[in-house]
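Written below as structure tokens is the structure these notes are about.
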Amino acid sequence: MLDKLFYPKPEIAAILALVDIKIIISDYFKIPSHIPISIIFGILVVVVIQSTLGKKISKGSKRLDENYVP
């Protein structure tokens with residue numbers, strides 16, 4: 001599944017950073033559980049859209065093709 005995504009490392013880093021921040025500030029502020037879940041879902045949606053559009057652009061672009069010789 002991860003091989004189909006163009007940007008898995010930034011996605012995982014963003015989700016882990018969000019979880020870490022929530023753990024750190026949970027002692028000081030009460031955060032409803034639906035907020036981090038919504039943010040994680042939003043990150044996943046953005047990455048899937050970027051990967052889908054990125055594949056379509058790379059298929060149509062000769063500059064991004066590794067075998068292209070002008």
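Residue numbering restarts at 1 in every chain; chains get A, B, ... in the order shown in the structure tokens, and ligands count up from 1 in that same order.
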
>> Report as a VMD selection string all protein, DNA and RNA residues lying within 8 Å of A:Glu11, evaluated on only C-alpha atoms, omitting residues in the same chain fewer than 4 positions from it.
In response: chain A and resid 7 15 43 to 44 47

>> Show me, as JSON, numbers by chain, the residues that have an atom within 12 Å of A:Leu18 when counting only C-alpha atoms, minus same-chain residues fewer than 5 positions from it.
In response: {"A": [11, 12, 13, 23, 24, 25, 26, 35, 36, 37, 38, 39, 40, 41, 43]}

Write the selection just made, keeping N, CA and C atoms, as an mmCIF file, in the first residue's frame?
```
data_model
loop_
_atom_site.group_PDB
_atom_site.id
_atom_site.type_symbol
_atom_site.label_atom_id
_atom_site.label_comp_id
_atom_site.auth_asym_id
_atom_site.auth_seq_id
_atom_site.Cartn_x
_atom_site.Cartn_y
_atom_site.Cartn_z
ATOM 1 N N GLU A 11 4.069 12.242 5.412
ATOM 2 C CA GLU A 11 2.769 11.927 6.011
ATOM 3 C C GLU A 11 2.956 11.275 7.374
ATOM 4 N N ILE A 12 3.809 10.282 7.443
ATOM 5 C CA ILE A 12 4.057 9.596 8.710
ATOM 6 C C ILE A 12 4.683 10.544 9.720
ATOM 7 N N ALA A 13 5.599 11.399 9.262
ATOM 8 C CA ALA A 13 6.237 12.364 10.165
ATOM 9 C C ALA A 13 5.214 13.344 10.728
ATOM 10 N N ILE A 23 0.383 14.288 23.111
ATOM 11 C CA ILE A 23 0.808 13.634 24.353
ATOM 12 C C ILE A 23 1.470 14.640 25.289
ATOM 13 N N ILE A 24 2.296 15.517 24.737
ATOM 14 C CA ILE A 24 3.018 16.490 25.562
ATOM 15 C C ILE A 24 2.070 17.494 26.206
ATOM 16 N N ILE A 25 1.127 18.032 25.427
ATOM 17 C CA ILE A 25 0.264 19.076 25.981
ATOM 18 C C ILE A 25 -0.984 18.530 26.671
ATOM 19 N N SER A 26 -1.180 17.205 26.649
ATOM 20 C CA SER A 26 -2.386 16.656 27.272
ATOM 21 C C SER A 26 -2.382 16.827 28.790
ATOM 22 N N ILE A 35 -10.724 16.044 17.574
ATOM 23 C CA ILE A 35 -9.870 17.026 16.889
ATOM 24 C C ILE A 35 -8.625 16.359 16.295
ATOM 25 N N PRO A 36 -7.815 15.617 17.063
ATOM 26 C CA PRO A 36 -6.659 14.962 16.448
ATOM 27 C C PRO A 36 -7.038 13.928 15.393
ATOM 28 N N ILE A 37 -8.145 13.222 15.619
ATOM 29 C CA ILE A 37 -8.580 12.241 14.624
ATOM 30 C C ILE A 37 -8.952 12.938 13.320
ATOM 31 N N SER A 38 -9.606 14.082 13.402
ATOM 32 C CA SER A 38 -9.954 14.847 12.199
ATOM 33 C C SER A 38 -8.708 15.343 11.480
ATOM 34 N N ILE A 39 -7.718 15.787 12.234
ATOM 35 C CA ILE A 39 -6.478 16.272 11.622
ATOM 36 C C ILE A 39 -5.742 15.120 10.937
ATOM 37 N N ILE A 40 -5.667 13.962 11.577
ATOM 38 C CA ILE A 40 -5.013 12.802 10.971
ATOM 39 C C ILE A 40 -5.742 12.383 9.703
ATOM 40 N N PHE A 41 -7.057 12.356 9.749
ATOM 41 C CA PHE A 41 -7.840 12.029 8.557
ATOM 42 C C PHE A 41 -7.578 13.034 7.441
ATOM 43 N N ILE A 43 -4.840 14.824 6.969
ATOM 44 C CA ILE A 43 -3.499 14.578 6.437
ATOM 45 C C ILE A 43 -3.525 13.405 5.457
#
```
